[in-house]
$ cat model.txt   # compact mmCIF, C-alpha atoms
# COMPACT_ATOMS: atom_id res chain seq x y z
CA MET T 85 -9.12 3.70 -3.32
CA ARG T 86 -11.49 5.02 -5.93
CA LEU T 87 -14.02 3.17 -8.07
CA PHE T 88 -13.71 2.57 -11.80
CA ASN T 89 -16.24 1.84 -14.53
CA CYS T 90 -15.69 0.01 -17.80
CA GLU T 91 -15.66 2.49 -20.69
CA VAL T 92 -17.26 -0.14 -22.93
CA CYS T 93 -20.32 -1.17 -20.88
CA GLY T 94 -20.26 0.90 -17.67
CA GLN T 95 -19.75 -2.12 -15.39
CA LEU T 96 -18.29 -1.40 -11.94
CA LEU T 97 -14.68 -2.60 -11.83
CA TYR T 98 -12.32 -3.57 -9.05
CA PHE T 99 -8.74 -2.37 -8.84
CA GLU T 100 -7.33 -5.86 -9.45
CA ASN T 101 -9.54 -6.70 -12.48
CA THR T 102 -7.89 -7.69 -15.74
CA GLN T 103 -11.14 -8.38 -17.59
CA CYS T 104 -14.61 -6.87 -17.43
CA MET T 105 -16.94 -9.63 -16.30
CA LYS T 106 -19.86 -8.11 -18.23
CA CYS T 107 -18.48 -7.30 -21.68
CA GLY T 108 -15.18 -9.19 -21.60
CA ALA T 109 -12.98 -6.15 -22.30
CA THR T 110 -9.32 -6.48 -21.35
CA LEU T 111 -8.43 -4.05 -18.55
CA GLY T 112 -5.20 -2.39 -17.47
CA TYR T 113 -4.27 0.25 -14.92
CA LEU T 114 -2.71 3.56 -15.99
CA PRO T 115 -0.83 4.86 -12.92
CA GLY T 116 -0.19 8.25 -14.51
CA ARG T 117 -3.91 8.82 -15.04
CA ASN T 118 -5.20 6.82 -12.08
CA ARG T 119 -7.57 4.90 -14.31
CA LEU T 120 -8.38 1.24 -14.75
CA SER T 121 -9.10 1.38 -18.46
CA ALA T 122 -10.61 -0.87 -21.10
CA LEU T 123 -8.03 -1.71 -23.75
CA ASP T 124 -8.32 -2.14 -27.51
CA PRO T 125 -5.68 -4.48 -28.98
CA ILE T 126 -3.37 -3.19 -31.68
CA GLU T 127 -3.35 -5.73 -34.48
CA PRO T 128 -0.14 -6.62 -36.38
CA GLU T 129 -1.51 -5.17 -39.62
CA GLU T 130 -1.43 -1.71 -38.00
CA GLY T 131 2.31 -1.75 -38.50
CA ILE T 132 3.36 -2.75 -34.98
CA PRO T 133 5.64 -5.83 -34.91
CA GLN T 134 4.26 -8.45 -32.53
CA GLU T 135 6.49 -11.45 -33.19
CA VAL T 136 8.80 -12.84 -30.54
CA SER T 137 11.92 -14.75 -31.55
CA PRO T 138 12.14 -18.47 -30.66
CA GLU T 139 15.03 -17.69 -28.32
CA GLU T 140 13.03 -15.05 -26.45
CA ALA T 141 9.99 -17.35 -26.33
CA ASP T 142 12.15 -20.01 -24.69
CA LYS T 143 13.43 -17.49 -22.13
CA GLN T 144 9.90 -16.39 -21.30
CA ALA T 145 8.71 -19.99 -20.94
CA ALA T 146 11.65 -20.70 -18.62
CA GLY T 147 10.54 -18.05 -16.17
CA ASP T 148 12.75 -15.05 -16.95
CA LEU T 149 11.20 -13.15 -14.01
CA ASP T 150 12.88 -15.13 -11.23
CA GLY T 151 15.43 -13.35 -9.06
CA GLU T 152 16.65 -9.88 -9.97
CA GLN T 153 13.93 -7.64 -11.36
CA THR T 154 15.28 -4.09 -11.19
CA GLY T 155 16.54 -2.75 -14.51
CA THR T 156 15.68 -1.42 -17.94
CA ALA T 157 17.11 -4.14 -20.13
CA SER T 158 15.56 -4.33 -23.58
CA ALA T 159 12.81 -6.85 -24.20
CA PRO T 160 11.17 -8.22 -27.36
CA PRO T 161 8.04 -6.50 -28.64
CA ARG T 162 4.89 -7.33 -26.72
CA GLN T 163 1.20 -7.09 -27.54
CA LEU T 164 0.31 -3.41 -27.65
CA TRP T 165 -2.93 -1.88 -26.44
CA ARG T 166 -4.76 1.40 -26.89
CA PRO T 167 -6.35 2.38 -23.55
CA ARG T 168 -9.71 4.08 -23.93
CA ALA T 169 -8.71 6.40 -21.08
CA ASP T 170 -5.58 7.45 -23.03
CA PRO T 171 -6.27 6.74 -26.71
CA ASP T 172 -3.40 8.83 -28.06
CA ARG T 173 -0.69 6.67 -26.50
CA LEU T 174 -0.06 2.96 -26.94
CA HIS T 175 0.78 0.83 -23.92
CA ARG T 176 1.91 -2.69 -23.06
CA PHE T 177 1.52 -4.67 -19.87
CA CYS T 178 4.18 -4.88 -17.20
CA GLU T 179 6.19 -8.07 -17.69
CA ASN T 180 4.87 -9.42 -14.39
CA ALA T 181 1.46 -9.62 -16.05
CA ALA T 182 2.72 -12.80 -17.74
CA GLN T 183 2.67 -14.40 -14.27
CA ASP T 184 -0.78 -12.98 -13.38
CA ALA T 185 1.05 -10.78 -10.86
CA CYS T 186 0.33 -7.31 -12.26
CA ASN T 187 -2.29 -5.45 -14.30
CA TRP T 188 -0.42 -2.14 -14.65
CA LEU T 189 0.58 -0.67 -18.00
CA VAL T 190 3.83 0.74 -19.37
CA PRO T 191 3.86 3.31 -22.21
CA ASP T 192 5.07 1.75 -25.44
CA ASP T 193 7.76 4.41 -25.86
CA SER T 194 9.25 3.62 -22.44
CA PRO T 195 12.42 1.51 -22.24
CA GLU T 196 11.13 -0.07 -19.01
CA ARG T 197 10.15 -3.73 -18.87
CA PHE T 198 8.22 -3.33 -15.63
CA CYS T 199 5.57 -0.91 -14.43
CA LEU T 200 6.12 1.93 -11.98
CA ALA T 201 5.43 -0.36 -8.99
CA CYS T 202 7.26 -3.50 -10.13
CA ARG T 203 10.47 -1.58 -10.95
CA HIS T 204 11.01 -1.50 -7.20
CA ASN T 205 11.27 -5.30 -6.96
CA ARG T 206 14.82 -6.50 -6.41
CA THR T 207 14.20 -10.14 -5.54
CA ILE T 208 11.18 -12.38 -5.96
CA PRO T 209 10.87 -16.03 -4.88
CA ASP T 210 11.31 -19.06 -7.09
CA ILE T 211 7.99 -18.90 -8.94
CA SER T 212 8.49 -22.29 -10.57
CA ASP T 213 7.05 -23.52 -7.26
CA PRO T 214 3.23 -23.10 -7.59
CA LEU T 215 2.88 -22.28 -3.88
CA ASN T 216 5.51 -19.56 -4.09
CA LEU T 217 3.84 -18.18 -7.20
CA ALA T 218 0.42 -18.00 -5.53
CA ARG T 219 1.85 -16.25 -2.47
CA TRP T 220 3.89 -13.83 -4.56
CA GLN T 221 0.76 -12.91 -6.55
CA LYS T 222 -1.01 -12.00 -3.29
CA ILE T 223 1.97 -9.90 -2.21
CA GLU T 224 2.00 -8.05 -5.53
CA GLU T 225 -1.71 -7.29 -5.17
CA ALA T 226 -1.11 -5.68 -1.78
CA LYS T 227 1.94 -3.83 -3.10
CA ARG T 228 -0.04 -2.23 -5.92
CA ARG T 229 -2.66 -0.98 -3.47
CA ALA T 230 0.11 0.52 -1.35
CA PHE T 231 1.63 2.20 -4.40
CA TYR T 232 -1.76 3.59 -5.33
CA GLY T 233 -1.67 5.58 -2.10
CA PHE T 234 1.95 6.64 -2.58
CA ILE T 235 1.14 7.96 -6.03
CA ARG T 236 -2.02 9.75 -4.91
CA LEU T 237 0.00 11.54 -2.22
CA ASP T 238 2.75 12.48 -4.72
CA LEU T 239 5.41 10.85 -2.55
CA PRO T 240 8.97 10.53 -3.88
CA LEU T 241 9.40 7.05 -5.37
CA PRO T 242 12.91 6.61 -6.80
CA ASN T 243 13.99 3.03 -7.42
CA ARG T 244 17.55 1.76 -7.20
CA VAL T 245 18.19 2.47 -10.88
CA ASP T 246 17.05 6.09 -10.49
CA ASP T 247 18.86 6.55 -7.17
CA PRO T 248 21.27 3.76 -6.12
CA GLN T 249 21.71 5.28 -2.67
CA ASN T 250 18.19 6.28 -1.66
CA GLY T 251 15.90 4.27 -3.93
CA LEU T 252 13.07 2.13 -2.54
CA VAL T 253 13.48 -1.59 -3.25
CA PHE T 254 11.79 -4.85 -2.22
CA ASP T 255 12.95 -8.38 -1.50
CA PHE T 256 10.16 -10.97 -1.30
CA LEU T 257 11.82 -14.00 0.26
CA ALA T 258 10.80 -17.55 1.15
CA ASP T 259 12.15 -19.29 4.23
CA MET T 260 15.03 -21.66 3.59
CA PRO T 261 13.82 -25.28 3.17
CA ASP T 262 16.69 -26.64 5.29
CA GLY T 263 15.29 -25.19 8.51
CA GLY T 264 17.54 -22.14 8.60
CA PRO T 265 16.53 -18.81 10.15
CA ASN T 266 13.11 -17.60 9.06
CA VAL T 267 12.88 -14.50 6.89
CA MET T 268 12.04 -11.41 8.93
CA THR T 269 9.87 -8.64 7.49
CA GLY T 270 11.53 -5.27 7.96
CA HIS T 271 13.25 -2.19 6.53
CA ASP T 272 16.94 -1.37 6.17
CA ASN T 273 18.06 1.82 4.42
CA GLY T 274 15.49 1.72 1.64
CA LEU T 275 15.32 -2.09 1.37
CA ILE T 276 12.00 -3.54 2.49
CA THR T 277 12.05 -7.29 3.03
CA LEU T 278 8.73 -9.13 3.18
CA ALA T 279 8.56 -12.75 4.26
CA LEU T 280 6.69 -14.85 1.73
CA ALA T 281 5.09 -16.74 4.63
CA GLU T 282 3.05 -13.60 5.42
CA ALA T 283 0.99 -14.38 2.32
CA ASP T 284 -0.24 -17.58 3.97
CA ASP T 285 -3.45 -16.60 5.74
CA ALA T 286 -3.19 -19.24 8.47
CA GLU T 287 0.43 -18.39 9.23
CA ARG T 288 -0.30 -14.67 9.32
CA VAL T 289 -3.18 -15.21 11.76
CA ARG T 290 -0.93 -17.41 13.92
CA ARG T 291 1.68 -14.64 14.08
CA ARG T 292 -0.96 -12.01 14.78
CA GLU T 293 -2.35 -13.98 17.71
CA ALA T 294 1.10 -14.92 19.02
CA MET T 295 2.11 -11.25 19.08
CA GLY T 296 -1.20 -10.01 20.46
CA GLU T 297 -1.91 -7.85 17.44
CA PRO T 298 -5.47 -6.77 16.54
CA TYR T 299 -4.53 -6.29 12.88
CA ARG T 300 -1.96 -7.86 10.55
CA THR T 301 -2.27 -7.81 6.76
CA LEU T 302 0.01 -7.75 3.74
CA LEU T 303 -1.15 -4.24 2.90
CA GLY T 304 -0.50 -3.22 6.50
CA HIS T 305 3.08 -4.49 6.21
CA PHE T 306 3.70 -2.41 3.10
CA ARG T 307 2.27 0.70 4.71
CA HIS T 308 4.16 0.24 7.97
CA GLU T 309 7.54 -0.57 6.43
CA SER T 310 7.17 2.27 3.94
CA GLY T 311 6.83 4.55 6.96
CA HIS T 312 10.45 3.80 7.86
CA TYR T 313 11.54 4.59 4.31
CA PHE T 314 9.63 7.86 4.14
CA TRP T 315 10.89 8.84 7.60
CA ASP T 316 14.36 8.76 6.03
CA ARG T 317 13.28 10.77 3.00
CA LEU T 318 10.80 13.28 4.46
CA VAL T 319 11.93 13.68 8.07
CA ARG T 320 15.67 13.07 8.25
CA ASP T 321 16.54 14.28 4.75
CA GLY T 322 13.67 16.79 4.63
CA GLY T 323 14.80 18.94 7.53
CA ARG T 324 11.89 17.97 9.81
CA LEU T 325 13.80 15.96 12.40
CA GLU T 326 13.39 18.30 15.36
CA GLN T 327 9.70 18.84 14.58
CA CYS T 328 9.20 15.09 14.39
CA ARG T 329 10.99 14.52 17.69
CA ALA T 330 8.74 17.07 19.36
CA VAL T 331 5.75 14.90 18.38
CA PHE T 332 7.08 11.32 18.47
CA GLY T 333 9.97 11.53 20.93
CA ASP T 334 13.74 11.22 20.76
CA ASP T 335 14.62 8.66 18.09
CA SER T 336 18.32 8.75 19.02
CA GLN T 337 17.71 6.28 21.86
CA ASP T 338 19.15 2.83 21.23
CA TYR T 339 16.74 1.05 18.89
CA GLY T 340 17.80 -2.51 19.68
CA ALA T 341 17.61 -1.96 23.43
CA ALA T 342 14.19 -0.31 23.07
CA LEU T 343 12.81 -3.27 21.12
CA GLN T 344 14.22 -5.74 23.63
CA ARG T 345 12.63 -3.78 26.47
CA HIS T 346 9.31 -3.76 24.62
CA TYR T 347 9.32 -7.53 24.08
CA ASN T 348 10.41 -8.18 27.67
CA GLU T 349 8.12 -5.74 29.46
CA GLY T 350 5.30 -4.98 27.03
CA PRO T 351 3.63 -1.58 26.61
CA PRO T 352 2.91 0.82 29.48
CA ALA T 353 -0.50 0.49 31.12
CA ASP T 354 -1.73 3.80 29.73
CA TRP T 355 -0.40 3.28 26.20
CA GLN T 356 -3.74 4.05 24.48
CA GLU T 357 -3.55 7.64 25.67
CA ASN T 358 -0.54 8.35 23.44
CA PHE T 359 -0.09 5.53 20.91
CA VAL T 360 -2.15 3.95 18.17
CA SER T 361 -0.89 0.43 18.92
CA THR T 362 1.21 -1.44 21.44
CA TYR T 363 4.05 -1.82 18.93
CA ALA T 364 4.14 1.95 18.51
CA THR T 365 5.31 2.20 22.13
CA ALA T 366 8.56 0.35 21.37
CA HIS T 367 10.53 3.24 19.85
CA PRO T 368 9.78 6.60 18.18
CA TRP T 369 10.65 5.07 14.79
CA GLU T 370 7.99 2.41 15.27
CA ASP T 371 5.54 5.01 16.56
CA PHE T 372 6.07 7.01 13.38
CA ALA T 373 5.75 3.94 11.11
CA GLU T 374 2.58 2.76 12.85
CA THR T 375 1.00 6.23 12.69
CA TRP T 376 2.09 6.58 9.06
CA ALA T 377 0.38 3.29 8.21
CA HIS T 378 -2.82 4.37 9.95
CA TYR T 379 -2.87 7.65 8.05
CA LEU T 380 -2.69 5.65 4.80
CA HIS T 381 -5.43 3.31 6.04
CA ILE T 382 -7.66 6.27 6.83
CA VAL T 383 -7.30 8.32 3.64
CA ASP T 384 -7.66 5.29 1.37
CA THR T 385 -10.73 3.93 3.15
CA LEU T 386 -12.36 7.36 3.25
CA GLU T 387 -11.76 7.76 -0.47
CA MET T 388 -13.56 4.48 -1.11
CA ALA T 389 -16.43 5.54 1.16
CA ARG T 390 -16.65 8.77 -0.82
CA ALA T 391 -16.65 6.87 -4.12
CA PHE T 392 -19.62 4.79 -2.94
CA GLY T 393 -21.39 7.89 -1.63
CA LEU T 394 -21.50 6.46 1.89
CA GLY T 395 -22.85 8.62 4.67
CA ILE T 396 -23.52 7.96 8.33
CA ASP T 397 -26.66 9.36 9.97
CA PRO T 398 -27.93 7.03 12.71
CA HIS T 399 -31.43 7.82 13.92
CA ALA T 400 -30.51 6.94 17.50
CA ASP T 401 -27.73 9.54 17.65
CA LYS T 402 -29.52 12.75 18.67
CA SER T 403 -26.27 14.63 19.33
CA GLY T 404 -25.05 14.37 15.74
CA THR T 405 -21.57 13.20 16.80
CA LEU T 406 -21.90 10.03 14.71
CA THR T 407 -23.20 11.79 11.61
CA ALA T 408 -20.76 12.08 8.73
CA GLU T 409 -20.52 12.51 4.98
CA VAL T 410 -17.30 12.17 3.01
CA ASP T 411 -17.70 15.16 0.69
CA PHE T 412 -13.98 15.95 0.26
CA ASP T 413 -10.93 14.29 -1.28
CA PRO T 414 -9.12 12.61 1.66
CA TYR T 415 -5.86 12.42 -0.29
CA ARG T 416 -5.85 16.19 -0.87
CA GLU T 417 -7.23 17.34 2.48
CA THR T 418 -4.61 19.23 4.51
CA ARG T 419 -6.58 19.55 7.76
CA ILE T 420 -6.95 16.64 10.13
CA GLU T 421 -10.38 17.68 11.45
CA PRO T 422 -12.41 16.68 8.34
CA LEU T 423 -10.73 13.28 8.28
CA MET T 424 -11.50 12.59 11.92
CA GLU T 425 -15.06 13.92 11.68
CA ALA T 426 -15.71 11.37 8.93
CA TRP T 427 -13.51 8.53 10.19
CA VAL T 428 -14.92 8.16 13.70
CA PRO T 429 -18.58 7.67 12.61
CA LEU T 430 -17.58 5.50 9.66
CA THR T 431 -15.54 3.09 11.78
CA ALA T 432 -18.24 2.99 14.46
CA ALA T 433 -20.70 1.93 11.75
CA VAL T 434 -18.56 -0.67 10.00
CA ASN T 435 -17.34 -2.13 13.29
CA SER T 436 -20.98 -2.60 14.27
CA LEU T 437 -21.74 -4.24 10.93
CA ASN T 438 -18.81 -6.63 11.35
CA ARG T 439 -20.05 -7.61 14.80
CA CYS T 440 -23.44 -8.46 13.28
CA MET T 441 -21.61 -11.01 11.12
CA GLY T 442 -19.56 -12.32 14.04
CA THR T 443 -16.29 -11.06 12.56
CA PRO T 444 -13.60 -8.89 14.18
CA ASP T 445 -13.89 -5.12 14.00
CA LEU T 446 -12.67 -3.60 10.75
CA TYR T 447 -10.77 -0.93 12.70
CA PRO T 448 -10.06 -2.14 16.26
CA PHE T 449 -8.13 0.93 17.35
CA VAL T 450 -8.69 3.99 19.53
CA LEU T 451 -7.60 7.40 18.27
CA SER T 452 -6.85 9.52 21.32
CA PRO T 453 -6.21 13.28 21.01
CA ALA T 454 -2.46 12.61 21.20
CA VAL T 455 -2.67 10.09 18.36
CA VAL T 456 -4.74 12.50 16.27
CA ALA T 457 -2.02 15.12 16.78
CA LYS T 458 0.51 12.59 15.44
CA LEU T 459 -1.73 11.90 12.44
CA ALA T 460 -1.87 15.66 11.85
CA PHE T 461 1.92 15.75 11.73
CA ILE T 462 1.98 12.91 9.18
CA GLN T 463 -0.59 14.79 7.12
CA SER T 464 1.48 17.99 7.21
CA LEU T 465 4.56 16.00 6.25
CA VAL T 466 3.09 14.38 3.14
CA HIS T 467 1.64 17.70 1.99
CA GLY T 468 4.85 19.60 2.64
CA GLU T 469 3.29 21.98 5.15
CA LEU T 470 4.16 23.03 8.68
CA PRO T 471 2.02 21.36 11.34
CA GLY T 472 -1.11 23.31 12.17
CA ALA T 473 -3.16 23.32 15.32
CA GLN T 474 -3.29 19.93 16.96
CA ALA T 475 -6.87 18.75 16.77
CA GLU T 476 -8.79 16.69 19.25
CA ALA T 477 -11.21 13.96 18.27
CA VAL T 478 -13.68 11.62 19.86
CA PRO T 479 -11.99 8.21 20.35
CA VAL T 480 -13.18 5.39 18.11
CA ALA T 481 -15.13 2.89 20.17
CA ALA T 482 -13.44 -0.46 20.43

$ encode --input "model.txt" --output "structure tokens"
Amino acid sequence: MRLFNCEVCGQLLYFENTQCMKCGATLGYLPGRNRLSALDPIEPEEGIPQEVSPEEADKQAAGDLDGEQTGTASAPPRQLWRPRADPDRLHRFCENAAQDACNWLVPDDSPERFCLACRHNRTIPDISDPLNLARWQKIEEAKRRAFYGFIRLDLPLPNRVDDPQNGLVFDFLADMPDGGPNVMTGHDNGLITLALAEADDAERVRRREAMGEPYRTLLGHFRHESGHYFWDRLVRDGGRLEQCRAVFGDDSQDYGAALQRHYNEGPPADWQENFVSTYATAHPWEDFAETWAHYLHIVDTLEMARAFGLGIDPHADKSGTLTAEVDFDPYRETRIEPLMEAWVPLTAAVNSLNRCMGTPDLYPFVLSPAVVAKLAFIQSLVHGELPGAQAEAVPVAA
């Protein structure tokens, strides 16, 4: 995740900002340019119709965003904006901005109602319920951060309108109020379902502790479940199946039986030698999805460290093994060694800082040489290259 500055006053901005807190400028994100830009409003006298019919106003007030979201149905004219980062093209906000659930922009000449990320929504909860609305807003925030990484890596992102068979689509579902089965987060042939309850911090912590997980976040869910989707697209459909099996194991083994065995018996005693997490031991598909998620964690965090100019050079480390500077673009790097050489010292530092505050480690994982080799495969996959030499790295201290 990179940093942005307001073009009006130079203030540092955050990815989720919709208004500059210093100068008050309205802000919107341009996914095609990877810029959070200050916006100048287009006034009606410039010849752009801004009125909305009474019928359309009633529909908007009634919550026209509930339920099905995928589609390109026409919509009434909206307020138009001229982004300072793209002054030659007018834009409007994604329709989910009306619910404070998105700050991404859509070109005015596009027939789309929703932005590049929100076009993948198939089902959203009943947002007339304020609690559902608040949780959905948190889910959308995590989704946009996940899509930032997908876009930076130039991953294929068809939706179900573009590709009804292979498009990526989301259902964000609340549990049934009558005590029926709880919604399960998961992936099924391009459909990612995310339980709305995961947006409740207390409930998510309860599940994390109940399952013995060191890490569980909304963003982590998006990155993990997307790993299953991109396994389909890049591995199975991309002709890399045998290469992937050589790294992650034989995925043809019965998935349901493997999961049941995992929940009954737990991970092997030496799991840290070959897997990034205990859940990765359940089945090669889960190993791939977990490793995929960690690759996305690493490149995005390193990009932010680079944007802040962070470097690690502890005086007590005479060997230099904990010295690092992020002087490369993690999203464009095709070798695993630079990522690991920066990641290990960075996580050692931030984990130590977290402990000073009495909070859990930011990155409570160990990257063994075998796990680094798996990360190298993921890296080669997203960059469309054959795997190179499998690197070794110093494990991250827990």

$ atom_distance --input "model.txt" --atom1 "atom CA of Asn101 of chain T" --atom2 "atom CA of Leu215 of chain T"
21.7 Å

$ residues_near_point --input "model.txt" --point "(1.2, -10.4, 12.8)" --cutoff "12 Å" --atoms "only C-alpha atoms" --output "number ranges by chain"
T: 268-269, 279, 281-305, 363

$ residues_around --input "model.txt" --residues "segment 443-449 of chain T" --least-positions-apart "5" --cutoff "10 Å" --atoms "all atoms listed in the file" --output "ChimeraX atom specification"
/T:298-299,356,359-361,378,381-382,430-438,479-482

$ residues_around --input "model.txt" --residues "Leu97 of chain T" --least-positions-apart "2" --cutoff "12 Å" --atoms "all atoms listed in the file" --output "VMD selection string"
chain T and resid 85 to 95 99 to 113 119 to 122

$ closest_residue --input "model.txt" --among "T:Arg317, T:Arg307, T:His312, T:Arg390" --to "Tyr232 of chain T" --atoms "only C-alpha atoms"
T:Arg307

$ residues_around --input "model.txt" --residues "Phe372 of chain T" --least-positions-apart "2" --cutoff "9 Å" --atoms "all atoms listed in the file" --output "list in words"
His308, Gly311, His312, Trp315, Cys328, Phe332, Ala364, His367, Pro368, Trp369, Glu370, Glu374, Thr375, Trp376, Ala377, Lys458 and Ile462 of chain T

$ write_last_selection --input "model.txt" --atoms "C-alpha atoms" --output "PDB file, keeping the file's coordinate frame"
ATOM      1  CA  HIS T 308       4.160   0.240   7.970  1.00  0.00           C
ATOM      2  CA  GLY T 311       6.830   4.550   6.960  1.00  0.00           C
ATOM      3  CA  HIS T 312      10.450   3.800   7.860  1.00  0.00           C
ATOM      4  CA  TRP T 315      10.890   8.840   7.600  1.00  0.00           C
ATOM      5  CA  CYS T 328       9.200  15.090  14.390  1.00  0.00           C
ATOM      6  CA  PHE T 332       7.080  11.320  18.470  1.00  0.00           C
ATOM      7  CA  ALA T 364       4.140   1.950  18.510  1.00  0.00           C
ATOM      8  CA  HIS T 367      10.530   3.240  19.850  1.00  0.00           C
ATOM      9  CA  PRO T 368       9.780   6.600  18.180  1.00  0.00           C
ATOM     10  CA  TRP T 369      10.650   5.070  14.790  1.00  0.00           C
ATOM     11  CA  GLU T 370       7.990   2.410  15.270  1.00  0.00           C
ATOM     12  CA  GLU T 374       2.580   2.760  12.850  1.00  0.00           C
ATOM     13  CA  THR T 375       1.000   6.230  12.690  1.00  0.00           C
ATOM     14  CA  TRP T 376       2.090   6.580   9.060  1.00  0.00           C
ATOM     15  CA  ALA T 377       0.380   3.290   8.210  1.00  0.00           C
ATOM     16  CA  LYS T 458       0.510  12.590  15.440  1.00  0.00           C
ATOM     17  CA  ILE T 462       1.980  12.910   9.180  1.00  0.00           C
TER      18      ILE T 462
END

$ atom_distance --input "model.txt" --atom1 "atom CA of Ala408 of chain T" --atom2 "atom CA of Glu357 of chain T"
24.6 Å

$ atom_distance --input "model.txt" --atom1 "atom CA of Asp192 of chain T" --atom2 "atom CA of His175 of chain T"
4.6 Å

$ residues_around --input "model.txt" --residues "segment 163-166 of chain T" --least-positions-apart "5" --cutoff "7 Å" --atoms "only C-alpha atoms" --output "PyMOL selection string"
chain T and resi 123-126+134+171+173-176

$ write_last_selection --input "model.txt" --atoms "C-alpha atoms" --output "short mmCIF file (atom, residue, chain, number, x, y, z; two decimals), in the frame of the given file"
data_model
loop_
_atom_site.label_atom_id
_atom_site.label_comp_id
_atom_site.auth_asym_id
_atom_site.auth_seq_id
_atom_site.Cartn_x
_atom_site.Cartn_y
_atom_site.Cartn_z
CA LEU T 123 -8.03 -1.71 -23.75
CA ASP T 124 -8.32 -2.14 -27.51
CA PRO T 125 -5.68 -4.48 -28.98
CA ILE T 126 -3.37 -3.19 -31.68
CA GLN T 134 4.26 -8.45 -32.53
CA PRO T 171 -6.27 6.74 -26.71
CA ARG T 173 -0.69 6.67 -26.50
CA LEU T 174 -0.06 2.96 -26.94
CA HIS T 175 0.78 0.83 -23.92
CA ARG T 176 1.91 -2.69 -23.06
#

$ residues_around --input "model.txt" --residues "segment 247-261 of chain T" --least-positions-apart "4" --cutoff "7 Å" --atoms "all atoms listed in the file" --output "MDAnalysis selection string"
chainID T and resid 204:209 241:243 266:267 274:281

$ axis_aligned_box --input "model.txt" --around "segment 191-197 of chain T" --padding-each-side "5 Å" --output "lines of an AutoDock Vina configuration file"
center_x = 8.1
center_y = 0.3
center_z = -22.4
size_x = 18.6
size_y = 18.1
size_z = 17.0

$ closest_residue --input "model.txt" --among "T:Trp427, T:Arg219, T:Leu239, T:Pro214" --to "Thr407 of chain T" --atoms "only C-alpha atoms"
T:Trp427

$ closest_residue --input "model.txt" --among "T:Gly395, T:Pro351, T:Pro414, T:Pro265" --to "His467 of chain T" --atoms "all atoms listed in the file"
T:Pro414

$ closest_residue --input "model.txt" --among "T:Val455, T:Ala218, T:Val466, T:Cys202" --to "Phe231 of chain T" --atoms "only C-alpha atoms"
T:Cys202
